[in-house]
>>> print(open('work_15.txt').read())   # compact mmCIF, C-alpha atoms
# COMPACT_ATOMS: atom_id res chain seq x y z
CA MET A 28 134.66 70.19 101.46
CA LYS A 29 131.04 70.00 102.35
CA THR A 30 129.18 73.24 102.25
CA LEU A 31 126.91 74.37 105.06
CA LYS A 32 123.85 73.76 102.92
CA HIS A 33 124.83 70.09 102.50
CA LEU A 34 125.35 69.69 106.22
CA ILE A 35 121.94 71.21 106.98
CA GLU A 36 120.29 68.95 104.43
CA GLN A 37 122.02 65.94 105.96
CA GLN A 38 120.72 66.89 109.39
CA SER A 39 117.28 67.37 107.91
CA GLN A 40 117.36 63.81 106.52
CA ASN A 41 118.31 62.07 109.75
CA ASN A 42 116.35 64.43 111.91
CA ASN A 43 114.95 62.61 114.92
CA SER A 44 115.33 65.37 117.45
CA THR A 45 112.38 66.87 119.29
CA ALA A 46 111.03 70.28 118.34
CA ASN A 47 113.18 72.12 120.83
CA GLU A 48 116.74 70.95 120.66
CA THR A 49 118.53 70.81 123.95
CA THR A 50 121.12 73.51 124.47
CA PRO A 51 123.85 74.10 123.62
CA LEU A 52 123.19 73.97 119.91
CA ASP A 53 125.92 72.94 117.53
CA LEU A 54 127.34 75.58 115.24
CA ILE A 55 125.48 74.40 112.16
CA ALA A 56 122.14 74.55 113.93
CA LEU A 57 122.93 77.99 115.34
CA THR A 58 123.89 79.32 111.91
CA ASP A 59 120.72 77.89 110.42
CA ILE A 60 118.55 79.47 113.12
CA VAL A 61 120.10 82.92 112.78
CA ASP A 62 119.59 82.72 109.03
CA LEU A 63 115.93 81.74 109.45
CA ALA A 64 115.29 84.49 111.98
CA VAL A 65 116.72 87.30 109.85
CA TRP A 66 114.92 85.93 106.82
CA ALA A 67 111.60 86.29 108.62
CA GLY A 68 112.67 89.77 109.74
CA GLU A 69 113.56 90.76 106.20
CA LEU A 70 110.18 89.62 104.88
CA LEU A 71 108.42 91.65 107.57
CA LEU A 72 110.49 94.79 107.05
CA GLU A 73 110.07 94.69 103.27
CA ASN A 74 106.31 94.32 103.49
CA GLY A 75 105.32 97.22 105.69
CA SER A 76 105.91 96.18 109.27
CA GLU A 77 107.16 98.44 112.04
CA SER A 78 110.63 97.90 113.52
CA ARG A 79 109.41 96.74 116.93
CA ARG A 80 107.57 93.79 115.42
CA VAL A 81 110.60 92.88 113.28
CA GLU A 82 112.95 92.91 116.24
CA GLU A 83 110.68 90.85 118.47
CA THR A 84 110.00 88.33 115.71
CA ILE A 85 113.72 87.77 115.13
CA ARG A 86 114.39 87.35 118.85
CA ILE A 87 111.38 85.10 119.53
CA LEU A 88 112.17 82.86 116.56
CA GLY A 89 115.73 82.45 117.84
CA ILE A 90 114.74 81.72 121.43
CA GLY A 91 111.88 79.45 120.37
CA LEU A 92 114.26 77.37 118.28
CA GLY A 93 116.68 76.89 121.16
CA CYS A 94 119.00 79.88 121.39
CA ASP A 95 119.68 81.62 124.68
CA TRP A 96 119.25 85.17 123.46
CA GLY A 97 119.24 87.27 120.32
CA ASN A 98 120.51 90.78 119.70
CA VAL A 99 119.06 92.62 116.75
CA LEU A 100 120.10 95.80 114.94
CA ILE A 101 117.68 97.14 112.39
CA SER A 102 118.89 99.73 109.93
CA PRO A 103 116.99 101.16 106.95
CA HIS A 104 118.46 98.75 104.43
CA ALA A 105 119.88 95.79 106.35
CA ILE A 106 119.24 93.67 109.42
CA VAL A 107 122.03 92.49 111.71
CA ALA A 108 121.29 89.71 114.19
CA THR A 109 123.46 87.89 116.71
CA HIS A 110 122.14 84.80 118.44
CA THR A 111 123.90 83.01 121.26
CA SER A 112 123.74 79.50 122.59
CA GLY A 113 125.89 78.10 125.35
CA GLY A 114 128.79 80.45 124.72
CA GLN A 115 128.65 80.08 120.94
CA VAL A 116 127.84 83.20 118.97
CA ARG A 117 126.66 83.58 115.40
CA THR A 118 126.13 86.92 113.64
CA THR A 119 124.64 87.55 110.25
CA ILE A 120 123.84 90.57 108.13
CA ARG A 121 120.92 90.42 105.76
CA GLN A 122 120.56 93.14 103.22
CA LEU A 123 117.05 94.11 102.13
CA LYS A 124 116.21 93.57 98.49
CA LYS A 125 114.07 96.70 98.34
CA TYR A 126 113.98 99.68 100.64
CA VAL A 127 110.43 100.70 99.81
CA GLY A 128 107.87 98.07 99.22
CA GLU A 129 104.29 97.19 98.71
CA VAL A 130 102.33 96.41 101.85
CA ASN A 131 101.42 92.75 102.21
CA MET A 132 99.23 92.07 105.22
CA THR A 133 98.75 88.36 104.49
CA LEU A 134 102.49 87.85 104.78
CA ILE A 135 102.61 89.69 108.11
CA GLU A 136 99.75 87.54 109.39
CA GLU A 137 101.42 84.29 108.26
CA ILE A 138 104.71 85.17 109.94
CA SER A 139 102.85 86.14 113.09
CA HIS A 140 101.23 82.67 113.13
CA LEU A 141 104.59 81.03 112.46
CA THR A 142 106.12 82.90 115.39
CA HIS A 143 103.33 81.75 117.69
CA ARG A 144 103.82 78.11 116.63
CA VAL A 145 107.58 78.34 117.20
CA GLU A 146 107.05 79.94 120.59
CA GLU A 147 104.75 77.06 121.57
CA GLY A 148 107.48 74.64 120.52
CA LYS A 149 105.44 73.02 117.78
CA TYR A 150 107.80 73.73 114.88
CA ASP A 151 111.48 72.80 114.59
CA ARG A 152 113.86 74.67 112.34
CA PHE A 153 113.36 72.40 109.33
CA ARG A 154 109.63 73.02 109.47
CA VAL A 155 110.25 76.75 109.88
CA ARG A 156 112.36 76.76 106.71
CA GLN A 157 109.59 74.95 104.83
CA GLU A 158 107.03 77.45 106.09
CA LEU A 159 109.16 80.48 105.21
CA ASN A 160 109.72 79.10 101.72
CA ARG A 161 105.97 78.75 101.35
CA ILE A 162 105.24 82.23 102.75
CA ALA A 163 107.84 83.93 100.56
CA ALA A 164 106.31 82.35 97.44
CA LEU A 165 102.73 83.03 98.47
CA PRO A 166 100.64 84.45 95.62
CA GLY A 167 98.34 87.43 96.21
CA GLN A 168 95.00 86.88 97.90
CA TYR A 169 93.13 88.65 95.12
CA LYS A 170 93.14 88.41 91.37
CA ARG A 171 94.66 91.30 89.52
CA TRP A 172 91.45 92.77 88.18
CA THR A 173 89.95 92.62 91.68
CA THR A 174 92.80 94.79 92.94
CA VAL A 175 92.38 97.23 90.06
CA LEU A 176 88.64 97.51 90.68
CA ALA A 177 89.21 97.88 94.42
CA VAL A 178 91.66 100.75 93.96
CA GLY A 179 89.25 102.41 91.56
CA MET A 180 86.49 102.01 94.11
CA ALA A 181 88.66 103.41 96.90
CA GLY A 182 89.46 106.46 94.79
CA SER A 183 85.85 107.13 93.91
CA ALA A 184 84.78 106.57 97.52
CA PHE A 185 87.29 109.27 98.53
CA SER A 186 85.85 111.57 95.87
CA GLN A 187 82.40 111.12 97.42
CA LEU A 188 83.81 111.88 100.87
CA PHE A 189 85.37 115.09 99.50
CA GLY A 190 82.04 116.20 98.03
CA GLY A 191 82.21 115.14 94.39
CA ASP A 192 79.16 114.21 92.33
CA TRP A 193 78.54 111.15 90.11
CA PRO A 194 80.48 112.29 86.99
CA VAL A 195 83.44 112.96 89.30
CA PHE A 196 82.92 109.47 90.76
CA LEU A 197 83.19 107.88 87.30
CA VAL A 198 86.20 109.93 86.20
CA THR A 199 88.02 109.14 89.44
CA PHE A 200 87.26 105.43 89.12
CA LEU A 201 88.64 105.33 85.59
CA SER A 202 91.82 107.31 86.24
CA ALA A 203 92.65 105.53 89.51
CA ALA A 204 92.19 102.13 87.86
CA VAL A 205 94.40 103.08 84.91
CA ALA A 206 97.03 104.54 87.23
CA VAL A 207 97.22 101.38 89.33
CA VAL A 208 97.69 99.27 86.19
CA VAL A 209 100.51 101.60 85.14
CA ARG A 210 102.10 101.32 88.57
CA GLN A 211 101.91 97.51 88.59
CA GLU A 212 103.34 97.20 85.08
CA LEU A 213 106.22 99.62 85.70
CA THR A 214 107.01 97.96 89.03
CA LYS A 215 107.18 94.61 87.24
CA LEU A 216 109.73 96.13 84.84
CA ALA A 217 111.84 97.11 87.89
CA TYR A 218 111.99 100.84 87.26
CA ASN A 219 113.04 103.19 90.01
CA TYR A 220 110.38 103.55 92.70
CA TYR A 221 110.01 107.32 92.48
CA LEU A 222 109.89 107.22 88.69
CA VAL A 223 107.05 104.69 88.88
CA ILE A 224 105.13 106.85 91.33
CA MET A 225 105.65 110.00 89.26
CA THR A 226 104.55 108.30 86.04
CA SER A 227 101.42 106.86 87.67
CA ALA A 228 100.49 110.26 89.07
CA PHE A 229 101.17 111.81 85.67
CA VAL A 230 98.87 109.29 83.95
CA ALA A 231 96.08 109.79 86.48
CA GLY A 232 96.38 113.57 86.41
CA GLY A 233 96.64 113.64 82.62
CA LEU A 234 93.51 111.53 82.24
CA VAL A 235 91.48 113.76 84.54
CA SER A 236 92.79 116.92 82.84
CA LEU A 237 92.04 115.57 79.37
CA ILE A 238 88.51 114.53 80.28
CA ASN A 239 87.99 117.92 81.91
CA SER A 240 89.19 119.78 78.82
CA VAL A 241 86.87 117.78 76.58
CA HIS A 242 83.86 118.04 78.84
CA ASP A 243 83.87 120.21 81.97
CA ILE A 244 83.26 118.29 85.18
CA ASP A 245 82.00 119.85 88.37
CA ARG A 246 84.96 119.37 90.72
CA PRO A 247 88.11 118.51 88.72
CA ASP A 248 90.27 119.16 91.79
CA VAL A 249 88.46 116.45 93.76
CA ALA A 250 88.80 113.98 90.89
CA LEU A 251 92.49 114.80 90.50
CA VAL A 252 93.35 114.38 94.17
CA SER A 253 91.18 111.29 94.79
CA SER A 254 92.57 109.38 91.85
CA VAL A 255 96.15 109.58 93.14
CA LEU A 256 95.37 109.01 96.83
CA PHE A 257 96.32 105.33 96.54
CA LEU A 258 99.87 106.44 95.77
CA VAL A 259 100.16 108.32 99.08
CA PRO A 260 102.65 106.41 101.27
CA GLY A 261 100.35 106.13 104.26
CA VAL A 262 102.03 103.08 105.76
CA PRO A 263 105.59 104.52 105.60
CA PHE A 264 104.28 107.75 107.14
CA ILE A 265 102.61 105.94 110.04
CA ASN A 266 105.49 103.50 110.52
CA SER A 267 107.94 106.39 110.52
CA ILE A 268 106.31 108.06 113.51
CA LYS A 269 105.65 104.73 115.25
CA ASP A 270 109.32 103.74 114.92
CA MET A 271 110.46 107.07 116.29
CA ILE A 272 108.09 106.77 119.26
CA LYS A 273 109.17 103.22 120.03
CA GLY A 274 112.91 103.86 119.95
CA TYR A 275 114.11 103.36 116.37
CA PRO A 276 114.70 106.97 115.34
CA LEU A 277 117.11 106.10 112.54
CA VAL A 278 114.69 103.78 110.74
CA GLY A 279 111.87 106.22 111.45
CA LEU A 280 113.74 109.14 109.89
CA SER A 281 114.64 107.13 106.84
CA ARG A 282 111.05 106.04 106.32
CA GLY A 283 109.84 109.61 106.79
CA VAL A 284 112.25 110.94 104.17
CA THR A 285 111.14 108.22 101.76
CA ALA A 286 107.49 109.15 102.32
CA VAL A 287 108.10 112.87 101.78
CA LEU A 288 110.03 112.17 98.57
CA THR A 289 107.16 109.99 97.38
CA ILE A 290 104.68 112.80 97.98
CA PHE A 291 107.00 115.11 96.08
CA ALA A 292 107.08 112.67 93.15
CA ILE A 293 103.27 112.55 93.09
CA ALA A 294 103.00 116.33 93.13
CA LEU A 295 105.55 116.60 90.33
CA GLY A 296 103.60 114.12 88.20
CA LEU A 297 100.34 115.97 88.77
CA LEU A 298 101.88 119.36 88.02
CA LEU A 299 103.47 118.04 84.83
CA ALA A 300 100.12 116.66 83.65
CA MET A 301 98.32 119.92 84.42
CA GLN A 302 100.93 122.03 82.65
CA LEU A 303 100.75 119.85 79.54
CA VAL A 304 96.99 120.37 79.33
CA GLY A 305 97.50 124.01 80.27
CA ARG A 306 94.99 124.43 83.09
CA ASN A 307 95.74 124.48 86.78
CA LEU A 308 92.91 122.48 88.26
CA LEU A 309 93.96 122.64 91.89
CA MET B 10 77.05 120.49 121.84
CA SER B 11 73.74 119.83 120.17
CA LEU B 12 72.61 116.27 119.70
CA SER B 13 70.82 116.87 116.43
CA ILE B 14 72.75 114.85 113.87
CA ALA B 15 71.97 114.73 110.19
CA TRP B 16 71.49 111.00 109.78
CA TRP B 17 71.49 110.67 106.02
CA PRO B 18 74.89 112.36 105.40
CA LEU B 19 76.28 110.38 108.33
CA LEU B 20 75.11 107.12 106.78
CA LEU B 21 76.61 108.04 103.41
CA ASN B 22 79.82 109.00 105.18
CA LEU B 23 79.95 105.59 106.88
CA LEU B 24 79.28 103.80 103.61
CA TRP B 25 81.93 105.60 101.56
CA ALA B 26 84.57 105.50 104.27
CA GLY B 27 83.98 101.75 104.59
CA ALA B 28 84.25 101.33 100.82
CA ALA B 29 87.50 103.30 100.77
CA ALA B 30 88.93 101.15 103.57
CA VAL B 31 87.97 97.94 101.73
CA GLY B 32 89.65 99.18 98.56
CA VAL B 33 92.81 100.03 100.46
CA ALA B 34 92.66 96.68 102.27
CA VAL B 35 92.46 94.74 99.00
CA TYR B 36 95.41 96.77 97.69
CA PHE B 37 97.32 95.81 100.86
CA ASN B 38 96.46 92.13 100.28
CA VAL B 39 94.74 91.46 103.61
CA PRO B 40 93.34 87.95 104.22
CA LEU B 41 89.87 87.62 102.70
CA ARG B 42 88.13 86.76 105.97
CA THR B 43 89.21 90.05 107.58
CA LEU B 44 87.78 92.37 104.89
CA LEU B 45 84.57 93.03 106.83
CA GLY B 46 86.55 94.07 109.90
CA CYS B 47 88.62 96.44 107.77
CA ALA B 48 85.43 98.05 106.44
CA LEU B 49 84.14 98.44 109.99
CA CYS B 50 87.40 100.05 111.15
CA GLY B 51 87.58 102.43 108.19
CA ALA B 52 83.96 103.51 108.58
CA SER B 53 84.28 104.07 112.31
CA ALA B 54 87.57 105.99 111.98
CA PHE B 55 86.41 108.48 109.39
CA THR B 56 82.96 108.96 110.90
CA THR B 57 84.37 109.46 114.39
CA ARG B 58 86.66 112.17 113.09
CA THR B 59 83.86 113.87 111.15
CA LEU B 60 81.53 113.81 114.15
CA LEU B 61 84.19 115.11 116.54
CA MET B 62 85.11 117.94 114.17
CA ASP B 63 81.46 118.81 113.47
CA SER B 64 80.84 119.14 117.19
CA GLY B 65 83.12 122.16 117.04
CA GLN B 66 85.06 121.28 120.17
CA PHE B 67 88.04 119.52 118.63
CA SER B 68 90.71 120.53 116.16
CA ILE B 69 91.40 118.22 113.23
CA GLU B 70 94.60 116.92 114.84
CA LEU B 71 92.95 116.00 118.12
CA ALA B 72 89.95 114.46 116.36
CA THR B 73 92.26 112.41 114.14
CA GLY B 74 94.25 111.16 117.10
CA MET B 75 91.12 110.13 118.98
CA ALA B 76 89.71 108.37 115.93
CA ALA B 77 92.99 106.48 115.44
CA SER B 78 92.98 105.41 119.11
CA LEU B 79 89.41 104.19 118.83
CA VAL B 80 90.22 102.16 115.71
CA THR B 81 93.26 100.64 117.40
CA ILE B 82 91.19 99.45 120.36
CA LEU B 83 88.56 98.10 117.96
CA GLY B 84 91.29 96.41 115.91
CA VAL B 85 92.76 94.71 118.96
CA PHE B 86 89.38 93.21 119.86
CA LEU B 87 88.71 92.11 116.28
CA GLY B 88 92.22 90.69 116.07
CA ARG B 89 91.74 88.58 119.19
CA ARG B 90 88.42 87.35 117.83
CA TRP B 91 89.82 86.31 114.46
CA HIS B 92 93.32 85.37 115.69
CA VAL B 93 95.19 87.79 113.47
CA PRO B 94 97.50 90.71 114.33
CA ALA B 95 95.54 93.89 115.02
CA ILE B 96 97.65 95.80 112.48
CA ILE B 97 95.62 94.15 109.71
CA PHE B 98 92.52 96.04 110.80
CA VAL B 99 94.18 99.21 112.03
CA VAL B 100 96.23 100.16 108.98
CA PRO B 101 93.48 100.08 106.31
CA GLY B 102 91.21 101.76 108.87
CA VAL B 103 93.43 104.79 109.38
CA ILE B 104 94.56 105.22 105.76
CA PRO B 105 91.47 107.37 104.97
CA LEU B 106 92.64 109.75 107.72
CA VAL B 107 96.05 110.37 106.11
CA PRO B 108 96.11 113.98 104.88
CA GLY B 109 96.98 113.28 101.25
CA VAL B 110 95.31 116.40 99.89
CA ARG B 111 97.19 118.73 102.23
CA ALA B 112 100.47 117.01 101.42
CA PHE B 113 99.98 117.46 97.65
CA GLN B 114 98.88 121.03 98.18
CA THR B 115 102.10 121.77 100.07
CA MET B 116 104.31 120.32 97.38
CA ILE B 117 102.41 121.95 94.52
CA ASP B 118 102.52 125.32 96.32
CA ILE B 119 106.28 124.98 96.69
CA LEU B 120 106.71 124.04 93.02
CA ILE B 121 104.50 126.92 91.82
CA LEU B 122 106.31 129.30 94.16
CA THR B 123 109.61 128.64 92.44
CA THR B 124 108.18 129.04 88.94
CA ASP B 125 106.33 132.27 89.72
CA GLY B 126 109.40 134.43 89.33
CA ILE B 127 111.09 137.01 91.47
CA GLN B 128 108.03 138.49 93.16
CA VAL B 129 107.45 136.09 95.96
CA ASN B 130 103.79 135.40 96.37
CA ASP B 131 103.43 135.57 100.12
CA THR B 132 99.99 133.97 100.41
CA LEU B 133 101.36 130.95 98.58
CA LEU B 134 104.31 130.83 100.96
CA ILE B 135 102.04 131.00 104.00
CA ASP B 136 99.74 128.37 102.49
CA ALA B 137 102.66 126.03 101.92
CA ALA B 138 103.95 126.54 105.46
CA VAL B 139 100.55 126.02 107.11
CA ASN B 140 99.75 123.00 104.97
CA SER B 141 103.09 121.33 105.68
CA ILE B 142 102.77 121.89 109.43
CA GLU B 143 99.22 120.56 109.44
CA THR B 144 100.23 117.51 107.40
CA THR B 145 103.02 116.69 109.82
CA LEU B 146 100.80 117.19 112.85
CA ILE B 147 98.00 115.02 111.48
CA VAL B 148 100.39 112.20 110.57
CA CYS B 149 101.88 112.43 114.07
CA ALA B 150 98.37 112.35 115.51
CA ILE B 151 97.52 109.19 113.58
CA ALA B 152 100.69 107.37 114.63
CA GLY B 153 100.42 108.64 118.19
CA GLY B 154 96.79 107.61 118.33
CA ILE B 155 97.75 104.11 117.22
CA ALA B 156 100.66 103.90 119.62
CA ILE B 157 98.94 105.19 122.76
CA PRO B 158 96.61 102.21 123.43
CA THR B 159 99.45 99.75 122.77
CA LEU B 160 101.72 101.65 125.14
CA LEU B 161 99.05 101.91 127.84
CA PHE B 162 98.06 98.25 127.89
CA ARG B 163 101.60 97.04 127.96
CA ARG B 164 102.14 93.42 127.04
CA ARG B 165 105.05 91.14 126.42
CA ARG B 166 104.76 91.68 122.68
CA PRO B 167 103.21 94.49 120.66
CA MET B 168 99.47 94.29 120.14
CA THR B 169 99.45 95.86 116.69
>>> encode(input="work_15.txt", output="structure tokens")
Amino acid sequence: MKTLKHLIEQQSQNNNSTANETTPLDLIALTDIVDLAVWAGELLLENGSESRRVEETIRILGIGLGCDWGNVLISPHAIVATHTSGGQVRTTIRQLKKYVGEVNMTLIEEISHLTHRVEEGKYDRFRVRQELNRIAALPGQYKRWTTVLAVGMAGSAFSQLFGGDWPVFLVTFLSAAVAVVVRQELTKLAYNYYLVIMTSAFVAGGLVSLINSVHDIDRPDVALVSSVLFLVPGVPFINSIKDMIKGYPLVGLSRGVTAVLTIFAIALGLLLAMQLVGRNLL
Amino acid sequence: MSLSIAWWPLLLNLLWAGAAAVGVAVYFNVPLRTLLGCALCGASAFTTRTLLMDSGQFSIELATGMAASLVTILGVFLGRRWHVPAIIFVVPGVIPLVPGVRAFQTMIDILILTTDGIQVNDTLLIDAAVNSIETTLIVCAIAGGIAIPTLLFRRRRPMT
């Protein structure tokens, strides 16, 4: 028995249809399109996009590739989509690989472009699959040390905004840069998200406390807070409220709870570091 | 409202807020060609909030919401110019407004409260309550400020 994948590959080989296939689609094409659409949705949802954008992307991809309509259900850890074409219906559930993720703006931009092209009728589904494969495997825009330096710079810029002086600037730069390396390494080892956050905050807080106990700095509280600000889940916080405003209260609540737990993990890490050194800096 | 503005602190404020936004933007892996726009958005967001609060007429929540709205409108224009979604400029721009310090303070107050023993330290309790309420309100103000322009200029698909 031929599997679906074989059938799709066969169609891809003798593909001489135009970009927009005439309705009604056959069942293989419909299955393929639903799969592509939820894949794009999954990539968006895992990389820091709000629910409204995810839903519209899934629907527009489906309609642009020849379906009549698409119904989308977004839940905190899975996407369900049903696309219809000429009386045929295909439903698929796609589970998310991670429920809290890094934010990747380049990916969001690429999928936005892809959606525009599909809407204009320039891409067929084989091209969309190629593009999604490329986007999913896209390397980061910046080299690793650039990211580390940038996070250090962001931390020390915050310390300046909060009224720190130049020693505080240097200490913040150092501890934020070390903490981001710790976070990246632990994330690579696939530890639990909250554990990673807590350990990074612990390292940053411990570094500031140690430096402060060796040589007193002017505003240790500013250094402490600024060096862990990159761990604050700003995007989940904002997306949580945005989702609730725009009619996805369930996803919004789940994101909000995640964000509050993350803040709690950071505070726990900081407190642990301060208690080990024995001085409450805040 | 007096019009005398201290220019030098304002300039420094712009510079550091822009630097913070660029750092956040690199961490969020934005496309390289949009980094300048992110810096612009971050600088304008933080400075707008500082100016509005310094004028003494606005609370921090209101000032934050207005700054977020301004950045969203700016981001939409920049996004149309560079053909990218506005969210790329808006999110790094408003991250410096997120009340991280207040949020930590709340959690640390709660943790210290439980370790302090039977005598409940009521100033700590009040601090924790006020900080948590303010954190929630400011986050709501940011998200509301982002959402309001997109809801007002309604289009077939979301602008941000």
>>> closest_atom_pairs(input="work_15.txt", of="chain A", to="chain B", cutoff="9 Å", atoms="all atoms listed in the file", output="tab-separated table")
residue	atom	partner	partner_atom	distance
A:Ser76	CA	B:Ile96	CA	8.9
A:Arg79	CA	B:Pro167	CA	7.6
A:Arg80	CA	B:Pro167	CA	6.9
A:Glu83	CA	B:Arg166	CA	7.3
A:Glu129	CA	B:Phe37	CA	7.4
A:Val130	CA	B:Phe37	CA	5.1
A:Asn131	CA	B:Phe37	CA	5.3
A:Met132	CA	B:Val39	CA	4.8
A:Thr133	CA	B:Val39	CA	5.1
A:Leu134	CA	B:Val39	CA	8.6
A:Ile135	CA	B:Pro94	CA	8.1
A:Glu136	CA	B:Val93	CA	6.1
A:Glu137	CA	B:Val93	CA	8.8
A:Ser139	CA	B:Pro94	CA	7.1
A:His140	CA	B:Val93	CA	7.9
A:Gly167	CA	B:Asn38	CA	6.5
A:Gln168	CA	B:Asn38	CA	5.9
A:Tyr169	CA	B:Asn38	CA	7.1
A:Thr173	CA	B:Val35	CA	8.0
A:Thr174	CA	B:Tyr36	CA	5.8
A:Val175	CA	B:Tyr36	CA	8.2
A:Leu176	CA	B:Gly32	CA	8.1
A:Ala177	CA	B:Gly32	CA	4.4
A:Val178	CA	B:Gly32	CA	5.3
A:Gly179	CA	B:Gly32	CA	7.7
A:Met180	CA	B:Gly32	CA	6.1
A:Ala181	CA	B:Ala29	CA	4.0
A:Gly182	CA	B:Ala29	CA	7.0
A:Ser183	CA	B:Ala29	CA	8.0
A:Ala184	CA	B:Trp25	CA	5.0
A:Phe185	CA	B:Ala29	CA	6.4
A:Gln187	CA	B:Trp25	CA	6.9
A:Leu188	CA	B:Asn22	CA	6.5
A:Val252	CA	B:Val110	CA	6.4
A:Ser253	CA	B:Val110	CA	8.3
A:Val255	CA	B:Gly109	CA	9.0
A:Leu256	CA	B:Gly109	CA	6.4
A:Phe257	CA	B:Val33	CA	7.5
A:Val259	CA	B:Gly109	CA	6.3
A:Pro260	CA	B:Gly109	CA	8.9
A:Gly261	CA	B:Ile104	CA	6.0
A:Val262	CA	B:Val100	CA	7.2
A:Phe264	CA	B:Val148	CA	6.8
A:Ile265	CA	B:Ala152	CA	5.2
A:Asn266	CA	B:Ala152	CA	7.4
A:Ser267	CA	B:Ala152	CA	8.4
A:Ile268	CA	B:Ala152	CA	5.8
A:Lys269	CA	B:Ala152	CA	5.7
A:Ile272	CA	B:Gly153	CA	8.0
A:Lys273	CA	B:Ala156	CA	8.5
A:Val287	CA	B:Ala112	CA	8.7
A:Ile290	CA	B:Phe113	CA	6.6
A:Phe291	CA	B:Met116	CA	6.0
A:Ile293	CA	B:Phe113	CA	7.5
A:Ala294	CA	B:Phe113	CA	5.6
A:Leu295	CA	B:Ile117	CA	7.5
A:Leu297	CA	B:Ile117	CA	8.6
A:Leu298	CA	B:Ile117	CA	7.0
A:Leu309	CA	B:Gln114	CA	8.1
>>> closest_residue(input="work_15.txt", among="A:Arg154, A:Gly68, A:Leu31, A:Val304", to="Val241 in chain A", atoms="all atoms listed in the file")
A:Val304
>>> residues_around(input="work_15.txt", residues="range 51-59 of chain A", least_positions_apart="6", cutoff="8 Å", atoms="all atoms listed in the file", output="ChimeraX atom specification")
/A:31,34-35,93-94,110-113,115,117,152
>>> atom_distance(input="work_15.txt", atom1="CA of Leu100 in chain A", atom2="CA of Arg121 in chain A")
10.7 Å
>>> residues_around(input="work_15.txt", residues="Ile87 in chain A", least_positions_apart="5", cutoff="9 Å", atoms="only C-alpha atoms", output="short mmCIF file (atom, residue, chain, number, x, y, z; two decimals) with C-alpha atoms, keeping the file's coordinate frame")
data_model
loop_
_atom_site.label_atom_id
_atom_site.label_comp_id
_atom_site.auth_asym_id
_atom_site.auth_seq_id
_atom_site.Cartn_x
_atom_site.Cartn_y
_atom_site.Cartn_z
CA ALA A 64 115.29 84.49 111.98
CA GLU A 82 112.95 92.91 116.24
CA LEU A 92 114.26 77.37 118.28
CA TRP A 96 119.25 85.17 123.46
CA GLY A 97 119.24 87.27 120.32
CA THR A 142 106.12 82.90 115.39
CA HIS A 143 103.33 81.75 117.69
CA VAL A 145 107.58 78.34 117.20
CA GLU A 146 107.05 79.94 120.59
#
>>> closest_residue(input="work_15.txt", among="B:Phe67, B:Val99, B:Leu20, B:Val139", to="Phe86 in chain B", atoms="only C-alpha atoms")
B:Val99
>>> atom_distance(input="work_15.txt", atom1="CA of Leu159 in chain A", atom2="CA of Ala67 in chain A")
7.2 Å
>>> atom_distance(input="work_15.txt", atom1="CA of Gly296 in chain A", atom2="CA of Gly190 in chain A")
23.8 Å
>>> residues_around(input="work_15.txt", residues="Tyr221 in chain A", least_positions_apart="6", cutoff="9 Å", atoms="all atoms listed in the file", output="PyMOL selection string")
chain A and resi 288-289+292-293
>>> axis_aligned_box(input="work_15.txt", around="range 55-71 of chain B", padding_each_side="3 Å", output="AutoDock Vina command-line options")
--center_x 87.7 --center_y 115.3 --center_z 114.8 --size_x 19.8 --size_y 19.7 --size_z 16.8
>>> closest_residue(input="work_15.txt", among="A:Trp66, A:Trp193, A:Phe229, A:Tyr275", to="Glu158 in chain A", atoms="all atoms listed in the file")
A:Trp66
>>> residues_around(input="work_15.txt", residues="Trp91 in chain B", least_positions_apart="6", cutoff="10 Å", atoms="only C-alpha atoms", output="PDB file with C-alpha atoms, in the coordinates of the input")
ATOM      1  CA  ARG B  42      88.130  86.760 105.970  1.00  0.00           C
ATOM      2  CA  THR B  43      89.210  90.050 107.580  1.00  0.00           C
ATOM      3  CA  GLY B  46      86.550  94.070 109.900  1.00  0.00           C
ATOM      4  CA  VAL B  85      92.760  94.710 118.960  1.00  0.00           C
TER       5      VAL B  85
END
>>> residues_around(input="work_15.txt", residues="Val107 in chain A", least_positions_apart="4", cutoff="6 Å", atoms="only C-alpha atoms", output="PDB file with C-alpha atoms, in the frame of the given file")
ATOM      1  CA  VAL A  99     119.060  92.620 116.750  1.00  0.00           C
ATOM      2  CA  LEU A 100     120.100  95.800 114.940  1.00  0.00           C
ATOM      3  CA  THR A 119     124.640  87.550 110.250  1.00  0.00           C
ATOM      4  CA  ILE A 120     123.840  90.570 108.130  1.00  0.00           C
TER       5      ILE A 120
END
